[in-house]
Amino acid sequence: MKAEEIPLTILCEEAAQIGIFHQPEHAKKTGVVVVVAGGPQYRVGCARQIILWSRRLAGEGYPVLRFDYRGFGDSAGEFVGFEGINDDIKTAIDKLMELVPGLENVVLWAECNAASAVMMYAWRDPRVSALIMQNPWVRHVATQARAYMRHYYLMRVMQKSFWLKLGTLQFNPITAIGSLMVLRRNAKQFNGTQPTAVIREFDNLPTYQEKMREGLTRFPGKTLLFMSGYSMIGKEFDELVSLSPQWQRVLASKTVTRIDHPDADHTFSRSQDRDKLADDALSWLNKEFL
């Protein structure tokens with residue numbers, strides 16, 4: 001199916017957010033808003049995957065709006081980071097609803113810290129029917145340390161470059177042992193146990209990780225979660241889940257579907273991984289919304 005790509009602006013608190021609307025020839029009643037992850041970046045590398053996924057979705061009839069939130073990419077305004085973009089996401093949804101009259105469902109697509117942002121936002125907006133997320137960002141000194149200890153060093157030992165450095169005396173074991181000791185100390189700073197008897201007001205929760213969990217708990221729609229086997233950010237998320245019964249209960253919900261791609265990197269940069277993710281996402285969307 002043919003799809004036109006239309007550049008546009010989305011006004012958010014007097015700042016112009018730059019977006020691209022992928023308009024299918026025959027649009028479905030379910031649309032997708034893509035929230036871009038990361039800090040300021042250009043439209044190549046990991047950002048290129050978003051363009052290709054958006055074109056694939058639009059080619060299957062799903063209208064897609066991808067945009068840079070304020071202070072990010074080509075958009076005006078102050079860069080406030082992923083924890084402060086609720087208004088940005090809302091105005092993007094407003095714009096998509098305006099562009100596609102009669103739209104019945106909105107899906108938020110996000111990876112990394114954009115996935116963190118949509119978990120905190122989606123429960124507030126009844127127009128959001130589903131989330132599609134990749135490798136959510138939950139950076140904490142303890143879970144980062146645990147992920148590196150469990151996964152990075154094991155993968156490093158299996159790499160040829162490690163043994164070449166060791167054989168040519170480019171590897172300093174004293175430095176490595178010192179790094180491991182720091183990681184071991186950091187890993188003990190979080191045990192995953194948090195009180196569940198008292199439910200606090202959402203905005204008063206002390207960390208964004210807790211807001212993510214609470215937001216996903218409150219979200220009534222469906223969630224599709226993609227995880228990469230070669231993403232340290234994904235491994236850190238899994239470490240957090242393993243330490244937290246609350247996270248485990250949320251992800252065990254019947255509304256959450258998890259698909260693991262064991263050979264993919266964080267951004268699904270290989271064409272076969274990128275295409276497989278799109279295939280899986282489209283199958284899930286067609287099952288849920290057709």
# chains A, B, ... in the order shown; residues from 1 in each chain; ligands from 1

$ residues_around --residues "Glu83 (chain A)" --least-positions-apart "6" --cutoff "9 Å" --atoms "only C-alpha atoms" --output "PDB file with N, CA, C and O atoms, in the first residue's frame"
ATOM      1  N   ASN A 113      14.725   4.955  26.649  1.00  0.00           N
ATOM      2  CA  ASN A 113      14.097   5.865  27.614  1.00  0.00           C
ATOM      3  C   ASN A 113      12.770   6.427  27.108  1.00  0.00           C
ATOM      4  O   ASN A 113      11.982   6.947  27.899  1.00  0.00           O
ATOM      5  N   SER A 116      10.408   4.144  28.667  1.00  0.00           N
ATOM      6  CA  SER A 116      10.213   4.566  30.058  1.00  0.00           C
ATOM      7  C   SER A 116       9.193   5.697  30.125  1.00  0.00           C
ATOM      8  O   SER A 116       8.319   5.715  30.995  1.00  0.00           O
ATOM      9  N   ALA A 117       9.301   6.640  29.195  1.00  0.00           N
ATOM     10  CA  ALA A 117       8.397   7.793  29.185  1.00  0.00           C
ATOM     11  C   ALA A 117       6.954   7.380  28.922  1.00  0.00           C
ATOM     12  O   ALA A 117       6.032   7.866  29.592  1.00  0.00           O
ATOM     13  N   MET A 120       5.105   5.923  31.838  1.00  0.00           N
ATOM     14  CA  MET A 120       4.675   6.922  32.813  1.00  0.00           C
ATOM     15  C   MET A 120       3.501   7.756  32.303  1.00  0.00           C
ATOM     16  O   MET A 120       2.767   8.342  33.088  1.00  0.00           O
ATOM     17  N   TYR A 208      11.863   7.511  38.916  1.00  0.00           N
ATOM     18  CA  TYR A 208      11.152   7.283  37.663  1.00  0.00           C
ATOM     19  C   TYR A 208      10.925   5.794  37.424  1.00  0.00           C
ATOM     20  O   TYR A 208       9.941   5.406  36.783  1.00  0.00           O
TER      21      TYR A 208
END

$ residues_around --residues "Asp94 (chain A)" --least-positions-apart "3" --cutoff "12 Å" --atoms "only C-alpha atoms" --output "PDB file with N, CA, C and O atoms, in the first residue's frame"
ATOM      1  N   ILE A  10       4.080  20.506  15.340  1.00  0.00           N
ATOM      2  CA  ILE A  10       3.132  20.252  16.419  1.00  0.00           C
ATOM      3  C   ILE A  10       3.450  21.244  17.519  1.00  0.00           C
ATOM      4  O   ILE A  10       4.541  21.212  18.100  1.00  0.00           O
ATOM      5  N   LEU A  11       2.526  22.135  17.808  1.00  0.00           N
ATOM      6  CA  LEU A  11       2.782  23.169  18.797  1.00  0.00           C
ATOM      7  C   LEU A  11       2.601  22.614  20.206  1.00  0.00           C
ATOM      8  O   LEU A  11       1.558  22.052  20.541  1.00  0.00           O
ATOM      9  N   CYS A  12       3.632  22.758  21.023  1.00  0.00           N
ATOM     10  CA  CYS A  12       3.570  22.313  22.415  1.00  0.00           C
ATOM     11  C   CYS A  12       4.115  23.436  23.299  1.00  0.00           C
ATOM     12  O   CYS A  12       5.317  23.723  23.278  1.00  0.00           O
ATOM     13  N   GLY A  31      -3.953   4.016  14.860  1.00  0.00           N
ATOM     14  CA  GLY A  31      -2.785   4.780  14.474  1.00  0.00           C
ATOM     15  C   GLY A  31      -1.652   4.630  15.471  1.00  0.00           C
ATOM     16  O   GLY A  31      -1.868   4.202  16.618  1.00  0.00           O
ATOM     17  N   VAL A  33       1.782   6.501  17.255  1.00  0.00           N
ATOM     18  CA  VAL A  33       2.649   7.648  17.544  1.00  0.00           C
ATOM     19  C   VAL A  33       3.988   7.099  18.012  1.00  0.00           C
ATOM     20  O   VAL A  33       4.051   6.347  18.992  1.00  0.00           O
ATOM     21  N   LEU A  65       2.618   8.749  13.127  1.00  0.00           N
ATOM     22  CA  LEU A  65       3.207  10.068  13.359  1.00  0.00           C
ATOM     23  C   LEU A  65       4.454   9.871  14.208  1.00  0.00           C
ATOM     24  O   LEU A  65       4.380   9.392  15.336  1.00  0.00           O
ATOM     25  N   ASP A  87       3.513  16.394  28.060  1.00  0.00           N
ATOM     26  CA  ASP A  87       2.805  17.334  27.192  1.00  0.00           C
ATOM     27  C   ASP A  87       3.183  17.125  25.728  1.00  0.00           C
ATOM     28  O   ASP A  87       2.347  17.287  24.836  1.00  0.00           O
ATOM     29  N   ASP A  88       4.440  16.766  25.486  1.00  0.00           N
ATOM     30  CA  ASP A  88       4.894  16.520  24.116  1.00  0.00           C
ATOM     31  C   ASP A  88       4.143  15.335  23.504  1.00  0.00           C
ATOM     32  O   ASP A  88       3.699  15.389  22.348  1.00  0.00           O
ATOM     33  N   ILE A  89       4.022  14.258  24.278  1.00  0.00           N
ATOM     34  CA  ILE A  89       3.314  13.078  23.787  1.00  0.00           C
ATOM     35  C   ILE A  89       1.843  13.400  23.566  1.00  0.00           C
ATOM     36  O   ILE A  89       1.249  13.015  22.549  1.00  0.00           O
ATOM     37  N   LYS A  90       1.244  14.133  24.499  1.00  0.00           N
ATOM     38  CA  LYS A  90      -0.178  14.471  24.387  1.00  0.00           C
ATOM     39  C   LYS A  90      -0.454  15.271  23.127  1.00  0.00           C
ATOM     40  O   LYS A  90      -1.422  14.987  22.385  1.00  0.00           O
ATOM     41  N   THR A  91       0.369  16.274  22.858  1.00  0.00           N
ATOM     42  CA  THR A  91       0.118  17.108  21.682  1.00  0.00           C
ATOM     43  C   THR A  91       0.345  16.318  20.389  1.00  0.00           C
ATOM     44  O   THR A  91      -0.321  16.591  19.375  1.00  0.00           O
ATOM     45  N   MET A  97      -4.876  12.511  15.968  1.00  0.00           N
ATOM     46  CA  MET A  97      -6.339  12.440  15.971  1.00  0.00           C
ATOM     47  C   MET A  97      -6.939  13.468  15.009  1.00  0.00           C
ATOM     48  O   MET A  97      -7.958  13.222  14.362  1.00  0.00           O
ATOM     49  N   GLU A  98      -6.299  14.618  14.929  1.00  0.00           N
ATOM     50  CA  GLU A  98      -6.762  15.663  14.000  1.00  0.00           C
ATOM     51  C   GLU A  98      -6.531  15.231  12.555  1.00  0.00           C
ATOM     52  O   GLU A  98      -7.378  15.478  11.679  1.00  0.00           O
ATOM     53  N   LEU A  99      -5.400  14.587  12.286  1.00  0.00           N
ATOM     54  CA  LEU A  99      -5.042  14.190  10.925  1.00  0.00           C
ATOM     55  C   LEU A  99      -5.855  13.003  10.420  1.00  0.00           C
ATOM     56  O   LEU A  99      -6.050  12.849   9.214  1.00  0.00           O
ATOM     57  N   VAL A 100      -6.305  12.154  11.346  1.00  0.00           N
ATOM     58  CA  VAL A 100      -7.046  10.943  10.965  1.00  0.00           C
ATOM     59  C   VAL A 100      -8.407  10.971  11.670  1.00  0.00           C
ATOM     60  O   VAL A 100      -8.577  10.363  12.735  1.00  0.00           O
ATOM     61  N   PRO A 101      -9.387  11.659  11.111  1.00  0.00           N
ATOM     62  CA  PRO A 101     -10.714  11.696  11.726  1.00  0.00           C
ATOM     63  C   PRO A 101     -11.299  10.286  11.840  1.00  0.00           C
ATOM     64  O   PRO A 101     -11.159   9.468  10.932  1.00  0.00           O
ATOM     65  N   LEU A 103     -10.302   8.073  14.021  1.00  0.00           N
ATOM     66  CA  LEU A 103      -9.331   7.133  14.592  1.00  0.00           C
ATOM     67  C   LEU A 103      -9.865   6.580  15.909  1.00  0.00           C
ATOM     68  O   LEU A 103     -10.315   7.328  16.773  1.00  0.00           O
ATOM     69  N   VAL A 106      -5.061   4.460  19.558  1.00  0.00           N
ATOM     70  CA  VAL A 106      -3.716   5.019  19.429  1.00  0.00           C
ATOM     71  C   VAL A 106      -2.738   4.082  20.116  1.00  0.00           C
ATOM     72  O   VAL A 106      -2.950   3.669  21.264  1.00  0.00           O
ATOM     73  N   ASP A 125      -3.971   8.845  29.674  1.00  0.00           N
ATOM     74  CA  ASP A 125      -4.647   9.243  28.434  1.00  0.00           C
ATOM     75  C   ASP A 125      -5.524   8.105  27.927  1.00  0.00           C
ATOM     76  O   ASP A 125      -5.004   7.099  27.409  1.00  0.00           O
ATOM     77  N   ARG A 127      -7.116   7.714  25.360  1.00  0.00           N
ATOM     78  CA  ARG A 127      -7.025   7.470  23.917  1.00  0.00           C
ATOM     79  C   ARG A 127      -5.984   6.414  23.580  1.00  0.00           C
ATOM     80  O   ARG A 127      -6.011   5.833  22.483  1.00  0.00           O
ATOM     81  N   VAL A 128      -5.057   6.175  24.496  1.00  0.00           N
ATOM     82  CA  VAL A 128      -3.988   5.203  24.242  1.00  0.00           C
ATOM     83  C   VAL A 128      -4.499   3.797  24.520  1.00  0.00           C
ATOM     84  O   VAL A 128      -4.867   3.470  25.646  1.00  0.00           O
TER      85      VAL A 128
END

$ residues_around --residues "Leu277 (chain A)" --least-positions-apart "2" --cutoff "12 Å" --atoms "only C-alpha atoms" --output "number ranges by chain"
A: 49-50, 52-53, 56-57, 132-134, 224-228, 258-265, 267-275, 279-284

$ write_last_selection --atoms "N, CA, C and O atoms" --output "tab-separated table (two decimals), in the first residue's frame"
chain	number	residue	atom	x	y	z
A	49	GLN	N	16.20	3.29	12.18
A	49	GLN	CA	15.27	2.17	12.33
A	49	GLN	C	13.83	2.68	12.46
A	49	GLN	O	12.89	2.06	11.94
A	50	ILE	N	13.67	3.78	13.16
A	50	ILE	CA	12.33	4.34	13.37
A	50	ILE	C	11.70	4.74	12.05
A	50	ILE	O	10.50	4.52	11.82
A	52	LEU	N	12.33	3.44	9.10
A	52	LEU	CA	12.01	2.21	8.35
A	52	LEU	C	10.80	1.50	8.94
A	52	LEU	O	9.94	0.99	8.21
A	53	TRP	N	10.71	1.43	10.28
A	53	TRP	CA	9.54	0.81	10.91
A	53	TRP	C	8.27	1.61	10.60
A	53	TRP	O	7.22	1.03	10.34
A	56	ARG	N	7.14	0.84	7.17
A	56	ARG	CA	6.57	-0.51	7.10
A	56	ARG	C	5.14	-0.53	7.65
A	56	ARG	O	4.24	-1.12	7.05
A	57	LEU	N	4.92	0.12	8.78
A	57	LEU	CA	3.59	0.17	9.38
A	57	LEU	C	2.61	0.89	8.46
A	57	LEU	O	1.47	0.43	8.26
A	132	ILE	N	3.86	-0.43	22.37
A	132	ILE	CA	4.88	-1.32	21.80
A	132	ILE	C	6.22	-0.75	22.23
A	132	ILE	O	6.56	0.39	21.89
A	133	MET	N	7.00	-1.54	22.97
A	133	MET	CA	8.23	-1.02	23.58
A	133	MET	C	9.40	-1.97	23.35
A	133	MET	O	9.22	-3.18	23.23
A	134	GLN	N	10.59	-1.38	23.33
A	134	GLN	CA	11.83	-2.15	23.18
A	134	GLN	C	12.80	-1.75	24.29
A	134	GLN	O	13.08	-0.57	24.50
A	224	LEU	N	3.03	-4.73	24.22
A	224	LEU	CA	3.94	-5.64	23.54
A	224	LEU	C	5.36	-5.18	23.87
A	224	LEU	O	5.74	-4.05	23.58
A	225	LEU	N	6.13	-6.07	24.47
A	225	LEU	CA	7.48	-5.75	24.93
A	225	LEU	C	8.50	-6.58	24.16
A	225	LEU	O	8.47	-7.81	24.22
A	226	PHE	N	9.39	-5.91	23.44
A	226	PHE	CA	10.48	-6.57	22.74
A	226	PHE	C	11.77	-6.42	23.55
A	226	PHE	O	12.10	-5.32	24.00
A	227	MET	N	12.51	-7.52	23.71
A	227	MET	CA	13.77	-7.48	24.43
A	227	MET	C	14.87	-8.11	23.56
A	227	MET	O	14.66	-9.14	22.92
A	228	SER	N	16.04	-7.47	23.58
A	228	SER	CA	17.18	-7.92	22.77
A	228	SER	C	18.17	-8.71	23.61
A	228	SER	O	18.48	-8.32	24.75
A	258	ARG	N	5.45	-10.50	25.86
A	258	ARG	CA	6.89	-10.29	25.71
A	258	ARG	C	7.43	-11.18	24.59
A	258	ARG	O	7.11	-12.37	24.54
A	259	ILE	N	8.23	-10.58	23.71
A	259	ILE	CA	8.90	-11.33	22.65
A	259	ILE	C	10.40	-11.06	22.75
A	259	ILE	O	10.83	-9.90	22.69
A	260	ASP	N	11.18	-12.10	22.91
A	260	ASP	CA	12.63	-11.98	23.00
A	260	ASP	C	13.27	-12.23	21.64
A	260	ASP	O	12.90	-13.19	20.94
A	261	HIS	N	14.23	-11.39	21.30
A	261	HIS	CA	15.04	-11.56	20.09
A	261	HIS	C	16.48	-11.79	20.57
A	261	HIS	O	17.23	-10.84	20.75
A	262	PRO	N	16.88	-13.04	20.80
A	262	PRO	CA	18.15	-13.31	21.47
A	262	PRO	C	19.39	-12.87	20.71
A	262	PRO	O	20.43	-12.62	21.33
A	263	ASP	N	19.31	-12.74	19.39
A	263	ASP	CA	20.49	-12.37	18.61
A	263	ASP	C	20.52	-10.90	18.21
A	263	ASP	O	21.42	-10.47	17.48
A	264	ALA	N	19.55	-10.11	18.66
A	264	ALA	CA	19.46	-8.71	18.26
A	264	ALA	C	20.24	-7.81	19.23
A	264	ALA	O	20.34	-8.10	20.41
A	265	ASP	N	20.76	-6.70	18.70
A	265	ASP	CA	21.39	-5.70	19.56
A	265	ASP	C	20.32	-4.72	20.04
A	265	ASP	O	19.13	-4.89	19.77
A	267	THR	N	19.31	-1.73	19.27
A	267	THR	CA	18.47	-1.00	18.32
A	267	THR	C	17.97	-1.87	17.17
A	267	THR	O	17.38	-1.35	16.23
A	268	PHE	N	18.20	-3.18	17.23
A	268	PHE	CA	17.78	-4.09	16.16
A	268	PHE	C	18.37	-3.61	14.83
A	268	PHE	O	17.68	-3.52	13.82
A	269	SER	N	19.66	-3.31	14.85
A	269	SER	CA	20.29	-2.64	13.71
A	269	SER	C	20.49	-3.55	12.50
A	269	SER	O	20.55	-3.06	11.37
A	270	ARG	N	20.61	-4.86	12.70
A	270	ARG	CA	20.74	-5.75	11.54
A	270	ARG	C	19.40	-5.85	10.81
A	270	ARG	O	18.34	-5.87	11.44
A	271	SER	N	19.46	-5.92	9.49
A	271	SER	CA	18.22	-5.92	8.71
A	271	SER	C	17.31	-7.08	9.08
A	271	SER	O	16.09	-6.92	9.17
A	272	GLN	N	17.88	-8.27	9.34
A	272	GLN	CA	17.04	-9.41	9.68
A	272	GLN	C	16.34	-9.23	11.02
A	272	GLN	O	15.18	-9.63	11.20
A	273	ASP	N	17.02	-8.58	11.97
A	273	ASP	CA	16.39	-8.32	13.27
A	273	ASP	C	15.33	-7.23	13.17
A	273	ASP	O	14.26	-7.33	13.78
A	274	ARG	N	15.66	-6.19	12.41
A	274	ARG	CA	14.71	-5.10	12.21
A	274	ARG	C	13.43	-5.60	11.52
A	274	ARG	O	12.31	-5.27	11.92
A	275	ASP	N	13.60	-6.44	10.50
A	275	ASP	CA	12.44	-6.96	9.77
A	275	ASP	C	11.63	-7.92	10.62
A	275	ASP	O	10.39	-7.92	10.56
A	279	ASP	N	7.72	-7.63	11.61
A	279	ASP	CA	6.78	-8.74	11.37
A	279	ASP	C	6.01	-9.08	12.64
A	279	ASP	O	4.78	-9.25	12.61
A	280	ASP	N	6.73	-9.20	13.74
A	280	ASP	CA	6.09	-9.55	15.02
A	280	ASP	C	5.12	-8.46	15.47
A	280	ASP	O	4.02	-8.74	15.96
A	281	ALA	N	5.53	-7.19	15.31
A	281	ALA	CA	4.67	-6.08	15.72
A	281	ALA	C	3.39	-6.03	14.89
A	281	ALA	O	2.29	-5.84	15.43
A	282	LEU	N	3.52	-6.23	13.59
A	282	LEU	CA	2.35	-6.21	12.72
A	282	LEU	C	1.41	-7.38	13.00
A	282	LEU	O	0.18	-7.21	13.01
A	283	SER	N	1.97	-8.54	13.26
A	283	SER	CA	1.13	-9.70	13.61
A	283	SER	C	0.33	-9.42	14.87
A	283	SER	O	-0.86	-9.74	14.95
A	284	TRP	N	0.99	-8.82	15.85
A	284	TRP	CA	0.34	-8.51	17.12
A	284	TRP	C	-0.73	-7.43	16.94
A	284	TRP	O	-1.85	-7.55	17.44

$ closest_residue --among "A:Gly102, A:Gly71, A:Pro63, A:Gly77" --to "Pro24 (chain A)" --atoms "only C-alpha atoms"
A:Pro63

$ closest_residue --among "A:Arg48, A:Lys95, A:Arg139, A:Arg218" --to "Asp238 (chain A)" --atoms "only C-alpha atoms"
A:Arg139

$ atom_distance --atom1 "CA of Phe21 (chain A)" --atom2 "CA of Ile85 (chain A)"
19.5 Å

$ select_by_dssp --residues "region 63-120 of chain A" --states "helix (DSSP H, G or I)" --output "PyMOL selection string"
chain A and resi 82-84+86-99+113-120

$ atom_distance --atom1 "CA of Leu131 (chain A)" --atom2 "CA of Lys222 (chain A)"
6.4 Å

$ residues_around --residues "Asp68 (chain A)" --least-positions-apart "3" --cutoff "9 Å" --atoms "only C-alpha atoms" --output "PDB file with N, CA, C and O atoms, in the first residue's frame"
ATOM      1  N   GLN A  17       7.285  21.447  17.624  1.00  0.00           N
ATOM      2  CA  GLN A  17       7.854  20.109  17.491  1.00  0.00           C
ATOM      3  C   GLN A  17       7.747  19.688  16.024  1.00  0.00           C
ATOM      4  O   GLN A  17       6.701  19.870  15.397  1.00  0.00           O
ATOM      5  N   ILE A  18       8.818  19.121  15.510  1.00  0.00           N
ATOM      6  CA  ILE A  18       8.848  18.701  14.116  1.00  0.00           C
ATOM      7  C   ILE A  18       8.462  17.231  14.020  1.00  0.00           C
ATOM      8  O   ILE A  18       8.985  16.390  14.761  1.00  0.00           O
ATOM      9  N   GLY A  19       7.527  16.928  13.114  1.00  0.00           N
ATOM     10  CA  GLY A  19       7.087  15.551  12.944  1.00  0.00           C
ATOM     11  C   GLY A  19       6.954  15.179  11.485  1.00  0.00           C
ATOM     12  O   GLY A  19       6.968  16.039  10.591  1.00  0.00           O
ATOM     13  N   VAL A  35       7.556   7.686  19.631  1.00  0.00           N
ATOM     14  CA  VAL A  35       8.292   8.600  20.508  1.00  0.00           C
ATOM     15  C   VAL A  35       9.769   8.239  20.419  1.00  0.00           C
ATOM     16  O   VAL A  35      10.171   7.114  20.748  1.00  0.00           O
ATOM     17  N   VAL A  36      10.579   9.169  19.961  1.00  0.00           N
ATOM     18  CA  VAL A  36      11.997   8.891  19.713  1.00  0.00           C
ATOM     19  C   VAL A  36      12.775   8.905  21.026  1.00  0.00           C
ATOM     20  O   VAL A  36      12.524   9.734  21.903  1.00  0.00           O
ATOM     21  N   GLY A  71      13.187  20.499  22.117  1.00  0.00           N
ATOM     22  CA  GLY A  71      14.616  20.558  22.379  1.00  0.00           C
ATOM     23  C   GLY A  71      15.383  19.349  21.880  1.00  0.00           C
ATOM     24  O   GLY A  71      16.561  19.175  22.199  1.00  0.00           O
ATOM     25  N   PHE A  72      14.745  18.528  21.069  1.00  0.00           N
ATOM     26  CA  PHE A  72      15.322  17.247  20.645  1.00  0.00           C
ATOM     27  C   PHE A  72      15.295  17.199  19.123  1.00  0.00           C
ATOM     28  O   PHE A  72      14.291  17.565  18.498  1.00  0.00           O
ATOM     29  N   GLY A  73      16.396  16.762  18.520  1.00  0.00           N
ATOM     30  CA  GLY A  73      16.427  16.671  17.064  1.00  0.00           C
ATOM     31  C   GLY A  73      16.200  18.009  16.410  1.00  0.00           C
ATOM     32  O   GLY A  73      16.902  18.985  16.666  1.00  0.00           O
ATOM     33  N   ASP A  74      15.153  18.089  15.569  1.00  0.00           N
ATOM     34  CA  ASP A  74      14.863  19.319  14.826  1.00  0.00           C
ATOM     35  C   ASP A  74      13.864  20.229  15.533  1.00  0.00           C
ATOM     36  O   ASP A  74      13.515  21.285  15.001  1.00  0.00           O
ATOM     37  N   SER A  75      13.362  19.831  16.698  1.00  0.00           N
ATOM     38  CA  SER A  75      12.304  20.602  17.357  1.00  0.00           C
ATOM     39  C   SER A  75      12.856  21.760  18.185  1.00  0.00           C
ATOM     40  O   SER A  75      13.974  21.708  18.696  1.00  0.00           O
ATOM     41  N   ASP A  88       4.440  16.766  25.486  1.00  0.00           N
ATOM     42  CA  ASP A  88       4.894  16.520  24.116  1.00  0.00           C
ATOM     43  C   ASP A  88       4.143  15.335  23.504  1.00  0.00           C
ATOM     44  O   ASP A  88       3.699  15.389  22.348  1.00  0.00           O
TER      45      ASP A  88
END

$ atom_distance --atom1 "CA of Val250 (chain A)" --atom2 "CA of Glu288 (chain A)"
19.6 Å

$ residues_around --residues "Arg124 (chain A)" --least-positions-apart "5" --cutoff "12 Å" --atoms "only C-alpha atoms" --output "PyMOL selection string"
chain A and resi 86-87+89-90+118-119+129+202-203+214-221

$ decode --residues "region 83-98 of chain A" --atoms "N, CA, C and O atoms" --output "PDB file, in the first residue's frame"
ATOM      1  N   GLU A  83      11.839  12.280  31.216  1.00  0.00           N
ATOM      2  CA  GLU A  83      10.921  12.332  32.360  1.00  0.00           C
ATOM      3  C   GLU A  83       9.942  13.502  32.297  1.00  0.00           C
ATOM      4  O   GLU A  83       8.991  13.543  33.079  1.00  0.00           O
ATOM      5  N   GLY A  84      10.142  14.412  31.363  1.00  0.00           N
ATOM      6  CA  GLY A  84       9.312  15.603  31.321  1.00  0.00           C
ATOM      7  C   GLY A  84       8.585  15.822  30.011  1.00  0.00           C
ATOM      8  O   GLY A  84       8.352  16.971  29.622  1.00  0.00           O
ATOM      9  N   ILE A  85       8.215  14.740  29.310  1.00  0.00           N
ATOM     10  CA  ILE A  85       7.643  14.921  27.967  1.00  0.00           C
ATOM     11  C   ILE A  85       6.169  14.512  27.873  1.00  0.00           C
ATOM     12  O   ILE A  85       5.676  14.224  26.778  1.00  0.00           O
ATOM     13  N   ASN A  86       5.453  14.508  28.983  1.00  0.00           N
ATOM     14  CA  ASN A  86       4.031  14.169  28.925  1.00  0.00           C
ATOM     15  C   ASN A  86       3.272  15.085  27.972  1.00  0.00           C
ATOM     16  O   ASN A  86       2.451  14.618  27.155  1.00  0.00           O
ATOM     17  N   ASP A  87       3.513  16.394  28.060  1.00  0.00           N
ATOM     18  CA  ASP A  87       2.805  17.334  27.192  1.00  0.00           C
ATOM     19  C   ASP A  87       3.183  17.125  25.728  1.00  0.00           C
ATOM     20  O   ASP A  87       2.347  17.287  24.836  1.00  0.00           O
ATOM     21  N   ASP A  88       4.440  16.766  25.486  1.00  0.00           N
ATOM     22  CA  ASP A  88       4.894  16.520  24.116  1.00  0.00           C
ATOM     23  C   ASP A  88       4.143  15.335  23.504  1.00  0.00           C
ATOM     24  O   ASP A  88       3.699  15.389  22.348  1.00  0.00           O
ATOM     25  N   ILE A  89       4.022  14.258  24.278  1.00  0.00           N
ATOM     26  CA  ILE A  89       3.314  13.078  23.787  1.00  0.00           C
ATOM     27  C   ILE A  89       1.843  13.400  23.566  1.00  0.00           C
ATOM     28  O   ILE A  89       1.249  13.015  22.549  1.00  0.00           O
ATOM     29  N   LYS A  90       1.244  14.133  24.499  1.00  0.00           N
ATOM     30  CA  LYS A  90      -0.178  14.471  24.387  1.00  0.00           C
ATOM     31  C   LYS A  90      -0.454  15.271  23.127  1.00  0.00           C
ATOM     32  O   LYS A  90      -1.422  14.987  22.385  1.00  0.00           O
ATOM     33  N   THR A  91       0.369  16.274  22.858  1.00  0.00           N
ATOM     34  CA  THR A  91       0.118  17.108  21.682  1.00  0.00           C
ATOM     35  C   THR A  91       0.345  16.318  20.389  1.00  0.00           C
ATOM     36  O   THR A  91      -0.321  16.591  19.375  1.00  0.00           O
ATOM     37  N   ALA A  92       1.254  15.348  20.405  1.00  0.00           N
ATOM     38  CA  ALA A  92       1.450  14.497  19.224  1.00  0.00           C
ATOM     39  C   ALA A  92       0.210  13.638  18.979  1.00  0.00           C
ATOM     40  O   ALA A  92      -0.224  13.454  17.832  1.00  0.00           O
ATOM     41  N   ILE A  93      -0.369  13.105  20.061  1.00  0.00           N
ATOM     42  CA  ILE A  93      -1.602  12.319  19.917  1.00  0.00           C
ATOM     43  C   ILE A  93      -2.732  13.220  19.423  1.00  0.00           C
ATOM     44  O   ILE A  93      -3.521  12.832  18.542  1.00  0.00           O
ATOM     45  N   ASP A  94      -2.823  14.418  19.977  1.00  0.00           N
ATOM     46  CA  ASP A  94      -3.828  15.386  19.513  1.00  0.00           C
ATOM     47  C   ASP A  94      -3.710  15.580  18.004  1.00  0.00           C
ATOM     48  O   ASP A  94      -4.717  15.603  17.277  1.00  0.00           O
ATOM     49  N   LYS A  95      -2.474  15.728  17.533  1.00  0.00           N
ATOM     50  CA  LYS A  95      -2.234  15.976  16.105  1.00  0.00           C
ATOM     51  C   LYS A  95      -2.637  14.783  15.260  1.00  0.00           C
ATOM     52  O   LYS A  95      -3.270  14.945  14.203  1.00  0.00           O
ATOM     53  N   LEU A  96      -2.301  13.588  15.704  1.00  0.00           N
ATOM     54  CA  LEU A  96      -2.672  12.392  14.943  1.00  0.00           C
ATOM     55  C   LEU A  96      -4.193  12.255  14.862  1.00  0.00           C
ATOM     56  O   LEU A  96      -4.741  11.913  13.806  1.00  0.00           O
ATOM     57  N   MET A  97      -4.876  12.511  15.968  1.00  0.00           N
ATOM     58  CA  MET A  97      -6.339  12.440  15.971  1.00  0.00           C
ATOM     59  C   MET A  97      -6.939  13.468  15.009  1.00  0.00           C
ATOM     60  O   MET A  97      -7.958  13.222  14.362  1.00  0.00           O
ATOM     61  N   GLU A  98      -6.299  14.618  14.929  1.00  0.00           N
ATOM     62  CA  GLU A  98      -6.762  15.663  14.000  1.00  0.00           C
ATOM     63  C   GLU A  98      -6.531  15.231  12.555  1.00  0.00           C
ATOM     64  O   GLU A  98      -7.378  15.478  11.679  1.00  0.00           O
TER      65      GLU A  98
END
